[in-house]
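Engineer: As input, take input-v4.txt (compact mmCIF, C-alpha atoms):
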# COMPACT_ATOMS: atom_id res chain seq x y z
CA MET A 1 -16.93 3.51 -36.05
CA SER A 2 -14.42 0.94 -37.24
CA ALA A 3 -12.58 -1.46 -34.99
CA VAL A 4 -9.63 0.93 -34.92
CA TYR A 5 -9.11 2.41 -31.51
CA ALA A 6 -11.28 5.37 -30.71
CA ARG A 7 -8.34 7.75 -30.19
CA LEU A 8 -8.19 8.11 -34.00
CA SER A 9 -11.48 9.95 -33.94
CA ILE A 10 -11.08 12.23 -30.98
CA LEU A 11 -10.59 15.21 -33.28
CA PRO A 12 -12.37 16.09 -36.52
CA ASN A 13 -10.55 15.48 -39.80
CA SER A 14 -8.40 18.30 -41.08
CA ASP A 15 -10.66 18.82 -44.12
CA GLU A 16 -13.70 19.58 -41.95
CA PRO A 17 -14.49 23.14 -40.81
CA PRO A 18 -13.16 24.01 -37.37
CA PRO A 19 -15.65 23.71 -34.50
CA PRO A 20 -17.10 26.88 -33.00
CA PHE A 21 -14.95 26.75 -29.85
CA ASN A 22 -12.34 29.08 -28.49
CA HIS A 23 -9.09 27.10 -28.31
CA PHE A 24 -6.55 27.77 -25.59
CA GLU A 25 -3.42 29.25 -27.13
CA THR A 26 -1.18 29.15 -24.04
CA ASP A 27 1.12 26.32 -23.03
CA LEU A 28 -0.46 26.15 -19.57
CA VAL A 29 -4.20 25.59 -19.41
CA PRO A 30 -6.18 27.13 -16.54
CA PRO A 31 -7.63 24.26 -14.48
CA THR A 32 -11.35 23.67 -14.30
CA THR A 33 -13.18 22.75 -11.08
CA ASP A 34 -12.54 19.07 -11.76
CA GLY A 35 -8.91 19.78 -12.56
CA SER A 36 -8.53 21.67 -9.30
CA LYS A 37 -9.90 18.65 -7.43
CA VAL A 38 -7.16 16.50 -8.93
CA ILE A 39 -4.47 18.98 -7.86
CA VAL A 40 -5.83 19.40 -4.32
CA THR A 41 -6.20 15.64 -3.89
CA GLY A 42 -2.62 15.13 -5.07
CA VAL A 43 -1.22 17.71 -2.65
CA VAL A 44 -3.15 16.28 0.32
CA LEU A 45 -2.05 12.73 -0.46
CA ILE A 46 1.59 13.82 -0.84
CA LEU A 47 1.48 15.34 2.65
CA LEU A 48 -0.29 12.34 4.20
CA THR A 49 2.00 9.74 2.63
CA ALA A 50 5.09 11.76 3.60
CA LEU A 51 3.87 12.02 7.22
CA TRP A 52 2.97 8.33 7.54
CA THR A 53 6.22 7.25 5.90
CA TYR A 54 8.19 9.42 8.33
CA LEU A 55 6.28 7.92 11.28
CA ARG A 56 6.99 4.44 9.94
CA PHE A 57 10.75 4.96 9.94
CA TRP A 58 10.63 6.85 13.24
CA SER A 59 8.94 3.80 14.73
CA LEU A 60 11.55 1.57 13.12
CA ARG A 61 14.26 3.59 14.83
CA GLN A 62 12.49 3.46 18.19
CA THR A 63 12.11 -0.31 18.10
CA ARG A 64 15.59 -0.76 16.59
CA ARG A 65 14.18 -3.24 14.15
CA ALA A 66 16.27 -4.31 11.18
CA PHE A 67 15.55 -2.70 7.80
CA LEU A 68 13.53 -5.37 6.02
CA LEU A 69 12.33 -6.00 2.47
CA GLU A 70 8.95 -4.38 3.05
CA ASP A 71 10.67 -1.14 4.09
CA TRP A 72 12.52 -0.95 0.77
CA LEU A 73 9.30 -1.75 -1.08
CA ASN A 74 7.58 1.06 0.79
CA ILE A 75 10.25 3.55 -0.26
CA GLY A 76 9.92 2.47 -3.89
CA ALA A 77 6.14 2.77 -3.72
CA VAL A 78 6.28 6.29 -2.27
CA VAL A 79 8.76 7.47 -4.92
CA THR A 80 6.68 6.08 -7.80
CA PHE A 81 3.54 7.51 -6.21
CA TYR A 82 5.04 10.99 -6.26
CA GLY A 83 5.80 10.44 -9.95
CA LEU A 84 2.16 9.42 -10.41
CA VAL A 85 0.94 12.63 -8.80
CA ALA A 86 3.36 14.64 -10.95
CA THR A 87 1.82 13.18 -14.11
CA ASP A 88 -1.61 14.17 -12.79
CA PHE A 89 -0.42 17.75 -12.45
CA VAL A 90 0.99 17.69 -15.99
CA MET A 91 -2.28 16.36 -17.38
CA VAL A 92 -4.24 19.14 -15.69
CA LEU A 93 -1.95 22.12 -16.24
CA SER A 94 -0.28 21.21 -19.51
CA GLY A 95 -2.67 18.69 -21.02
CA GLY A 96 -5.95 20.41 -20.25
CA MET A 97 -7.58 17.57 -18.30
CA GLY A 98 -11.00 18.71 -17.18
CA HIS A 99 -11.64 20.67 -20.38
CA HIS A 100 -13.57 19.39 -23.37
CA ILE A 101 -11.28 18.24 -26.13
CA GLU A 102 -12.67 20.82 -28.57
CA GLU A 103 -11.20 23.58 -26.40
CA LEU A 104 -7.63 22.31 -26.64
CA GLN A 105 -4.84 22.50 -29.18
CA ASP A 106 -3.22 19.41 -30.64
CA TRP A 107 -0.12 19.84 -28.49
CA HIS A 108 -2.28 19.92 -25.36
CA ILE A 109 -3.85 16.60 -26.31
CA ILE A 110 -0.51 15.02 -27.14
CA ARG A 111 0.88 16.05 -23.74
CA PHE A 112 -2.19 14.66 -22.05
CA LEU A 113 -2.00 11.31 -23.86
CA LYS A 114 1.74 10.95 -23.24
CA SER A 115 1.24 11.65 -19.53
CA LEU A 116 -1.67 9.22 -19.41
CA TYR A 117 0.50 6.54 -21.03
CA ALA A 118 3.33 7.04 -18.52
CA ARG A 119 0.86 7.18 -15.66
CA GLN A 120 -0.33 3.62 -16.21
CA PHE A 121 3.18 2.27 -15.58
CA LEU A 122 3.59 4.39 -12.44
CA TYR A 123 0.17 3.29 -11.17
CA ALA A 124 1.01 -0.39 -11.62
CA ALA A 125 4.48 -0.02 -10.08
CA SER A 126 3.40 1.98 -7.03
CA LEU A 127 0.36 -0.11 -6.17
CA GLY A 128 2.20 -3.35 -6.91
CA LEU A 129 5.08 -2.41 -4.59
CA ILE A 130 2.65 -1.53 -1.81
CA LYS A 131 0.81 -4.83 -2.16
CA ALA A 132 4.05 -6.79 -2.17
CA GLY A 133 5.29 -4.86 0.87
CA VAL A 134 2.12 -5.57 2.85
CA ILE A 135 2.29 -9.29 2.08
CA SER A 136 5.99 -9.36 3.01
CA MET A 137 5.16 -7.71 6.32
CA PHE A 138 2.49 -10.34 7.01
CA MET A 139 4.96 -13.11 6.24
CA HIS A 140 7.38 -11.69 8.82
CA LEU A 141 4.61 -11.58 11.43
CA PHE A 142 2.89 -14.93 10.96
CA PHE A 143 4.63 -18.28 10.56
CA ASP A 144 1.73 -20.65 10.08
CA ARG A 145 2.39 -23.06 7.20
CA ARG A 146 -1.02 -22.63 5.57
CA PHE A 147 -0.71 -18.88 5.88
CA LYS A 148 2.67 -18.99 4.12
CA ILE A 149 1.13 -20.90 1.20
CA ALA A 150 -1.75 -18.41 0.93
CA ALA A 151 0.67 -15.47 1.12
CA LYS A 152 2.84 -16.84 -1.68
CA ALA A 153 -0.25 -17.38 -3.84
CA THR A 154 -1.29 -13.77 -3.19
CA VAL A 155 2.18 -12.54 -4.15
CA ALA A 156 1.89 -14.49 -7.40
CA LEU A 157 -1.49 -12.85 -8.09
CA THR A 158 0.00 -9.41 -7.39
CA ILE A 159 2.90 -9.99 -9.78
CA ALA A 160 0.47 -11.26 -12.42
CA TRP A 161 -1.63 -8.09 -12.05
CA VAL A 162 1.39 -5.83 -12.44
CA LEU A 163 2.58 -7.71 -15.53
CA LEU A 164 -0.94 -7.64 -17.00
CA THR A 165 -1.17 -3.88 -16.54
CA ILE A 166 2.24 -3.28 -18.13
CA LEU A 167 1.63 -5.63 -21.05
CA VAL A 168 -1.75 -4.10 -21.81
CA GLU A 169 -0.19 -0.66 -21.99
CA LEU A 170 2.71 -1.85 -24.13
CA LEU A 171 0.66 -3.90 -26.60
CA ILE A 172 -2.70 -2.14 -26.87
CA CYS A 173 -1.44 0.10 -29.71
CA ARG A 174 1.07 -0.77 -32.41
CA PRO A 175 3.34 1.08 -32.93
CA ILE A 176 3.61 2.49 -29.42
CA ASP A 177 3.49 6.15 -30.51
CA LYS A 178 -0.04 5.46 -31.73
CA ASN A 179 -1.05 5.92 -28.07
CA TRP A 180 -0.55 9.68 -28.37
CA ASN A 181 -0.05 10.40 -32.09
CA PHE A 182 -3.78 10.37 -32.88
CA ARG A 183 -3.33 11.82 -36.40
CA LYS A 184 -0.92 9.11 -37.51
CA PRO A 185 -2.56 7.38 -40.50
CA THR A 186 -0.90 4.00 -39.94
CA GLY A 187 -1.10 1.66 -36.97
CA THR A 188 -3.93 0.12 -34.99
CA CYS A 189 -5.16 0.06 -31.41
CA GLY A 190 -7.23 -2.48 -29.55
CA ASP A 191 -10.24 -1.97 -27.30
CA GLN A 192 -8.65 -0.15 -24.40
CA ARG A 193 -11.86 0.07 -22.40
CA ALA A 194 -12.18 -3.72 -22.31
CA ALA A 195 -8.48 -4.06 -21.44
CA LEU A 196 -8.71 -1.56 -18.56
CA VAL A 197 -11.82 -3.29 -17.23
CA ALA A 198 -9.98 -6.62 -17.20
CA VAL A 199 -7.07 -5.02 -15.34
CA GLY A 200 -9.49 -3.39 -12.88
CA VAL A 201 -11.30 -6.64 -12.12
CA VAL A 202 -8.04 -8.45 -11.33
CA ASN A 203 -7.00 -5.48 -9.18
CA VAL A 204 -10.19 -5.68 -7.09
CA ILE A 205 -9.77 -9.44 -6.62
CA ASN A 206 -6.16 -8.83 -5.56
CA HIS A 207 -7.27 -6.21 -3.02
CA MET A 208 -9.81 -8.61 -1.52
CA ALA A 209 -7.25 -11.42 -1.26
CA ILE A 210 -4.79 -9.17 0.61
CA LEU A 211 -7.48 -7.92 2.99
CA MET A 212 -8.66 -11.43 3.83
CA LEU A 213 -5.15 -12.89 4.13
CA PRO A 214 -4.32 -11.91 7.75
CA LEU A 215 -7.83 -12.16 9.22
CA PRO A 216 -7.63 -15.79 10.47
CA MET A 217 -4.31 -15.05 12.17
CA ILE A 218 -5.43 -11.74 13.68
CA LEU A 219 -8.56 -13.29 15.18
CA LYS A 220 -6.38 -15.78 17.07
CA LEU A 221 -4.23 -13.09 18.66
CA GLY A 222 -4.78 -12.00 22.22
CA ALA A 223 -4.32 -8.28 22.70
CA GLU A 224 -5.49 -5.33 24.72
CA ILE A 225 -8.77 -3.73 23.77
CA ARG A 226 -7.08 -0.60 22.47
CA TYR A 227 -4.90 -2.66 20.13
CA LYS A 228 -7.92 -4.58 18.90
CA VAL A 229 -9.71 -1.29 18.16
CA ALA A 230 -6.64 0.00 16.31
CA THR A 231 -6.49 -3.21 14.26
CA ILE A 232 -10.16 -2.86 13.32
CA CYS A 233 -9.58 0.75 12.23
CA ILE A 234 -6.66 -0.32 10.04
CA PHE A 235 -8.84 -2.99 8.45
CA ILE A 236 -11.57 -0.41 7.77
CA PHE A 237 -9.07 1.85 6.02
CA GLY A 238 -7.96 -1.17 4.01
CA ILE A 239 -11.57 -1.63 2.89
CA LEU A 240 -11.52 2.02 1.81
CA THR A 241 -8.69 1.17 -0.59
CA LEU A 242 -10.81 -1.63 -2.02
CA ILE A 243 -13.76 0.75 -2.43
CA PHE A 244 -11.60 3.22 -4.37
CA GLY A 245 -10.51 0.37 -6.63
CA ILE A 246 -14.14 -0.60 -7.29
CA ILE A 247 -15.18 3.00 -8.00
CA ARG A 248 -12.22 3.40 -10.34
CA LEU A 249 -13.33 0.29 -12.22
CA TYR A 250 -16.81 1.79 -12.59
CA THR A 251 -15.45 5.12 -13.86
CA VAL A 252 -13.41 3.31 -16.54
CA LEU A 253 -16.70 2.18 -18.05
CA GLN A 254 -17.88 5.80 -18.23
CA ILE A 255 -14.91 7.10 -20.26
CA ASP A 256 -15.85 8.58 -23.62
CA TYR A 257 -12.71 8.42 -25.76
CA ALA A 258 -14.15 11.02 -28.13
CA ASP A 259 -13.81 13.49 -25.24
CA VAL A 260 -11.06 11.77 -23.28
CA THR A 261 -9.62 14.85 -21.54
CA TYR A 262 -13.00 15.59 -19.97
CA THR A 263 -14.25 12.10 -19.09
CA THR A 264 -11.12 10.61 -17.50
CA VAL A 265 -11.05 13.00 -14.53
CA GLN A 266 -12.90 10.68 -12.14
CA THR A 267 -10.80 7.67 -13.12
CA ILE A 268 -7.60 9.64 -12.44
CA LEU A 269 -8.96 11.02 -9.17
CA TYR A 270 -9.97 7.67 -7.71
CA GLY A 271 -6.86 5.91 -9.03
CA THR A 272 -4.58 8.38 -7.26
CA SER A 273 -6.64 8.14 -4.06
CA GLU A 274 -6.48 4.35 -4.20
CA VAL A 275 -2.67 4.32 -4.25
CA GLY A 276 -2.27 7.12 -1.68
CA VAL A 277 -4.63 5.52 0.83
CA ALA A 278 -2.93 2.14 0.28
CA ILE A 279 0.43 3.68 1.27
CA VAL A 280 -1.06 5.19 4.44
CA VAL A 281 -2.76 1.91 5.40
CA SER A 282 0.38 -0.15 4.76
CA ASN A 283 2.30 1.98 7.28
CA CYS A 284 -0.30 1.81 10.05
CA PRO A 285 0.48 -1.68 11.45
CA LEU A 286 4.07 -0.59 12.14
CA LEU A 287 3.18 2.53 14.15
CA ARG A 288 2.76 0.90 17.54
CA PRO A 289 5.38 3.17 19.19
CA VAL A 290 3.44 6.18 17.91
CA PHE A 291 0.19 4.66 19.15
CA ASP A 292 1.66 3.94 22.58
CA ARG A 293 2.95 7.49 22.85
CA LEU A 294 -0.40 9.00 21.89
CA PHE A 295 -2.40 6.60 24.08
CA PRO A 296 -0.14 5.61 26.98
CA THR A 297 -1.27 3.05 29.53
CA ARG A 298 -0.72 3.15 33.27
CA GLY A 299 2.85 2.32 34.11
CA SER A 300 4.15 2.98 30.62
CA GLU A 301 6.26 5.83 31.92
CA ASN A 302 8.24 3.39 34.07
CA SER A 303 8.71 0.68 31.49
CA CYS A 304 10.12 0.45 28.01
CA TRP A 305 9.85 -1.88 25.03
CA ARG A 306 12.59 -2.81 22.66
CA GLU A 307 12.61 -5.40 19.93
CA ASN A 308 15.59 -7.74 19.93
CA THR A 309 16.46 -8.48 16.33
CA SER A 310 18.79 -11.38 17.11
CA ASP A 311 16.11 -13.10 19.21
CA MET A 312 13.68 -12.68 16.36
CA VAL A 313 16.05 -14.34 13.90
CA LEU A 314 16.70 -17.25 16.24
CA SER A 315 13.01 -17.77 16.88
CA ARG A 316 12.31 -17.84 13.16
CA LYS A 317 14.94 -20.46 12.53
CA ARG A 318 13.52 -22.75 15.19
CA LYS A 319 11.03 -25.17 13.69
CA SER A 320 8.64 -27.34 15.65
CA THR A 321 5.91 -29.77 14.75
CA LYS A 322 3.47 -28.36 17.26
CA SER A 323 3.35 -25.43 19.61
CA SER A 324 0.73 -24.44 22.14
CA GLY A 325 1.97 -20.83 22.13
CA PHE A 326 2.30 -18.33 24.94
CA THR A 327 -0.10 -17.65 27.78
CA GLN A 328 -1.45 -14.12 27.55
CA MET A 329 -0.52 -11.87 30.44
CA LYS A 330 -3.67 -10.65 32.18
CA ASN A 331 -1.88 -8.41 34.65
CA GLU A 332 1.51 -6.77 34.51
CA SER A 333 2.09 -7.64 38.17
CA GLN A 334 1.85 -11.41 37.67
CA GLU A 335 4.88 -13.38 38.71
CA ASP A 336 5.99 -16.92 37.97
CA LEU A 337 4.05 -16.73 34.74
CA GLU A 338 4.33 -20.07 32.99
CA LEU A 339 4.65 -20.33 29.25
CA GLY A 340 3.10 -23.01 27.13
CA ASN A 341 5.17 -25.56 25.25
CA MET A 342 7.59 -23.56 23.11
CA GLY A 343 9.38 -26.34 21.26
CA ALA A 344 8.74 -29.75 19.84
CA HIS A 345 5.69 -31.13 21.59
CA ARG A 346 7.37 -34.42 22.47
CA ALA A 347 9.99 -32.70 24.58
CA LYS A 348 9.49 -31.79 28.20
CA ARG A 349 10.11 -28.19 28.97
CA ASN A 350 9.55 -26.49 32.28
CA THR A 351 9.69 -22.78 31.81
CA HIS A 352 9.27 -20.27 34.63
CA ILE A 353 9.36 -16.57 34.04
CA THR A 354 9.45 -13.86 36.66
CA ALA A 355 7.99 -10.70 35.21
CA GLY A 356 8.33 -7.29 36.73
CA LYS A 357 9.23 -3.68 36.10
CA ARG A 358 12.68 -2.21 35.91
CA PRO A 359 12.98 1.51 36.67
CA PRO A 360 14.65 3.59 33.95
CA SER A 361 18.37 4.20 34.33
CA ARG A 362 20.78 6.69 32.90
CA ASP A 363 22.14 4.05 30.53
CA ASP A 364 18.82 3.83 28.73
CA ASP A 365 19.14 5.77 25.52
CA ASP A 366 15.87 4.65 23.95
CA ASP A 367 12.46 6.18 24.32
CA CYS A 368 11.08 4.96 27.65
CA SER A 369 7.59 6.27 26.93
CA VAL A 370 7.07 3.21 24.76
CA HIS A 371 5.38 0.40 26.69
CA ARG A 372 7.24 -2.85 27.12
CA ILE A 373 7.62 -5.72 29.52
CA VAL A 374 11.00 -6.43 31.05
CA VAL A 375 11.26 -10.15 31.75
CA THR A 376 13.86 -12.02 33.75
CA SER A 377 13.53 -15.71 33.04
CA GLU A 378 15.11 -19.02 34.03
CA THR A 379 14.40 -21.86 31.64
CA ILE A 380 15.03 -25.56 32.29
CA VAL A 381 14.95 -27.69 29.16
CA SER A 382 14.76 -31.48 29.36
CA ARG A 383 15.29 -33.82 26.43
CA ASP A 384 13.93 -37.31 25.95
CA LYS A 385 15.67 -39.69 23.61
CA GLY A 386 17.80 -36.98 22.12
CA GLU A 387 14.81 -34.96 20.84
CA LEU A 388 14.73 -31.18 21.13
Could you express the structure from this file as structure tokens?
Structural biologist:
Amino acid sequence: MSAVYARLSILPNSDEPPPPFNHFETDLVPPTTDGSKVIVTGVVLILLTALWTYLRFWSLRQTRRAFLLEDWLNIGAVVTFYGLVATDFVMVLSGGMGHHIEELQDWHIIRFLKSLYARQFLYAASLGLIKAGVISMFMHLFFDRRFKIAAKATVALTIAWVLLTILVELLICRPIDKNWNFRKPTGTCGDQRAALVAVGVVNVINHMAILMLPLPMILKLGAEIRYKVATICIFIFGILTLIFGIIRLYTVLQIDYADVTYTTVQTILYGTSEVGVAIVVSNCPLLRPVFDRLFPTRGSENSCWRENTSDMVLSRKRKSTKSSGFTQMKNESQEDLELGNMGAHRAKRNTHITAGKRPPSRDDDDDCSVHRIVVTSETIVSRDKGEL
């Protein structure tokens, strides 16, 4: 076979006798077993991503947190993911994915190749938005300087992967309609298998970088056992996304472009699962109100938790050269709990906090089943030589 892209040879030449196969004459092609798997997987992932996205924004409302960049990125990722699943359905029902190419008419193959072409852009957009949203969420949670540098480098790698995926799809065949017009006598295509493998390798590296990014910070956190278990479960699901990416990379190597409608099923299946699971995992760290409602602790009925957005903004604007952090509360009944140094380490700060429980009142309009600590504090700040 010449160096011309293999799509030119997926069908026999018009001067050759027709193959002894019964071609489908209908616009819609009955799905095979593999095609049905793609449809069922798409439906399940649509339901799961819709549920987890709803729980994310329900939790946002409960905590009264501001609508941040990662929330917009999540919405964009979900919308493009639904477009991705829609192209999968078109490839199965209208393009004949799952059938051997000899069983299909030319218009079936053209529909399949057009959908496959559009799908690559949706795949890159949806997964790229999810990755960017996760990194943005981490950057709002952790303020360590070295972590910020690592996060920005990971964002740059994510953007590079998205651009690589888009450019490969735009430039692999010239002119562009050569991607689906397989009988066109003019035009050339490059080695798409090699290009997709390169994109897949960068994708796996990107997944690994995002998974490893928050680990040093998470290990330093003090939390209840149940929250630690939940964090471990989220990390395991994140590894599942990485595994889907690796399997997808392997299936790309198994594609036979002479029978592309039959041999791309596994690549499509694992690619869709990779994006869908990534959306579910990206929502999990923000579902603490849901987790607290499902697994309440003793005393949670009499106490509430609410995030103060203005306090968060002020705390982010405050910069210090060194901070010893907070002392973890071992018991909710502790009083006169002393905090560590919260400001510049050269300043003298004596902070005393009296912690207790406030019974719910009629003025409380939030969900009091969510666990929180109500703190009444008196802080005395001393300054030496004009330093804060």
Engineer: If you take all atoms listed in the file and a cut-off of 7 Å, which residues of region 38-156 of chain A touch region 282-296 of chain A, and what are their nearest atom pairs and distances in Å to one decimal, in chain and number order, as a Markdown table?
Structural biologist:
| residue | atom | partner | partner_atom | distance |
| --- | --- | --- | --- | --- |
| A:Trp52 | CA | A:Asn283 | CA | 6.4 |
| A:Thr53 | CA | A:Asn283 | CA | 6.7 |
| A:Leu55 | CA | A:Leu287 | CA | 6.8 |
| A:Arg56 | CA | A:Asn283 | CA | 5.9 |
| A:Ser59 | CA | A:Pro289 | CA | 5.7 |
| A:Val134 | CA | A:Ser282 | CA | 6.0 |
Engineer: Which is closer to Ala66 (chain A) than all the others in A:Thr261, A:His140, A:Pro214, A:Thr272, using all atoms listed in the file?
Structural biologist: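 Answer, going by the shortest atom-to-atom distance: A:His140.
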Engineer: Point out the residue among A:Met208, A:Val265, A:Leu219, A:Ala124 with the least atom-to-atom distance to Leu240 (chain A), counting all atoms listed in the file.
Structural biologist: A:Met208
Engineer: Could you jot down the CA of Leu48 (chain A) to CA of Ser115 (chain A) separation for me, Å, one decimal place?
Structural biologist: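 Computing it gives 23.8 Å between the two atoms.
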Engineer: May I have a table of the residues of region 97-158 of chain A lying at most 10 Å from region 176-190 of chain A, giving each one's closest pair of atoms and their distance in Å to one decimal, counting only C-alpha atoms, ordered by chain and ascending residue number, as a Markdown table?
Structural biologist:
| residue | atom | partner | partner_atom | distance |
| --- | --- | --- | --- | --- |
| A:Asp106 | CA | A:Phe182 | CA | 9.3 |
| A:Ile109 | CA | A:Trp180 | CA | 7.9 |
| A:Ile110 | CA | A:Trp180 | CA | 5.5 |
| A:Arg111 | CA | A:Trp180 | CA | 8.0 |
| A:Phe112 | CA | A:Trp180 | CA | 8.2 |
| A:Leu113 | CA | A:Trp180 | CA | 5.0 |
| A:Lys114 | CA | A:Trp180 | CA | 5.8 |
| A:Ser115 | CA | A:Trp180 | CA | 9.2 |
| A:Leu116 | CA | A:Trp180 | CA | 9.0 |
| A:Tyr117 | CA | A:Asn179 | CA | 7.2 |
Engineer: Kindly indicate which residue among A:Thr264, A:Thr154, A:Ser36, A:Thr251 lies nearest to Gly200 (chain A), using all atoms listed in the file for the distances.
Structural biologist: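 Nearest to Gly200 (chain A): A:Thr251.
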Engineer: Env of Met137 (chain A): 9 Å cut, atoms = only C-alpha atoms, seq-sep filter 3 positions within chain, self excluded. Answer as an mmCIF file with C-alpha atoms, in the coordinates of the input.
Structural biologist:
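File produced: around-v2.cif:
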data_model
loop_
_atom_site.group_PDB
_atom_site.id
_atom_site.type_symbol
_atom_site.label_atom_id
_atom_site.label_comp_id
_atom_site.auth_asym_id
_atom_site.auth_seq_id
_atom_site.Cartn_x
_atom_site.Cartn_y
_atom_site.Cartn_z
ATOM 1 C CA LEU A 68 13.530 -5.370 6.020
ATOM 2 C CA LEU A 69 12.330 -6.000 2.470
ATOM 3 C CA GLU A 70 8.950 -4.380 3.050
ATOM 4 C CA ASP A 71 10.670 -1.140 4.090
ATOM 5 C CA ALA A 132 4.050 -6.790 -2.170
ATOM 6 C CA GLY A 133 5.290 -4.860 0.870
ATOM 7 C CA VAL A 134 2.120 -5.570 2.850
ATOM 8 C CA HIS A 140 7.380 -11.690 8.820
ATOM 9 C CA LEU A 141 4.610 -11.580 11.430
ATOM 10 C CA PHE A 142 2.890 -14.930 10.960
#
Engineer: Region 97-100 of chain A: which residues within 8 Å, counting only C-alpha atoms, same-chain residues fewer than 2 positions away excluded, as a list in words?
Structural biologist: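 The residues that qualify are Pro31, Thr32, Thr33, Asp34, Gly35, Met91, Val92, Leu93, Gly95, Glu102, Glu103, Leu104, Phe112, Asp259, Thr261, Tyr262, Thr263, Thr264 and Val265 of chain A.
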Engineer: Could you tell me which of A:Leu45, A:Val90, A:Ala156, A:Ile218 comes closest to Gly276 (chain A) if we count all atoms listed in the file?
Structural biologist: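 Among the listed residues, the smallest separation from Gly276 (chain A) belongs to A:Leu45.
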Engineer: Give me, as an MDAnalysis selection string, all polymer residues having an atom no more than 8 Å from Phe244 (chain A), counting all atoms listed in the file and skipping those fewer than 5 positions away in the same chain.
Structural biologist: chainID A and resid 270:271 273:274
Engineer: Just give me the gap between CA of Phe235 (chain A) and CA of Val85 (chain A) in Å, one decimal is fine.
Structural biologist: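 One can read the CA of Phe235 (chain A) to CA of Val85 (chain A) distance as 25.2 Å.
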Engineer: Would you compute the distance between CA of Tyr82 (chain A) and CA of Ala125 (chain A)? Give it in Å to one decimal.
Structural biologist: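 Result for CA of Tyr82 (chain A) versus CA of Ala125 (chain A): 11.7 Å, one decimal.
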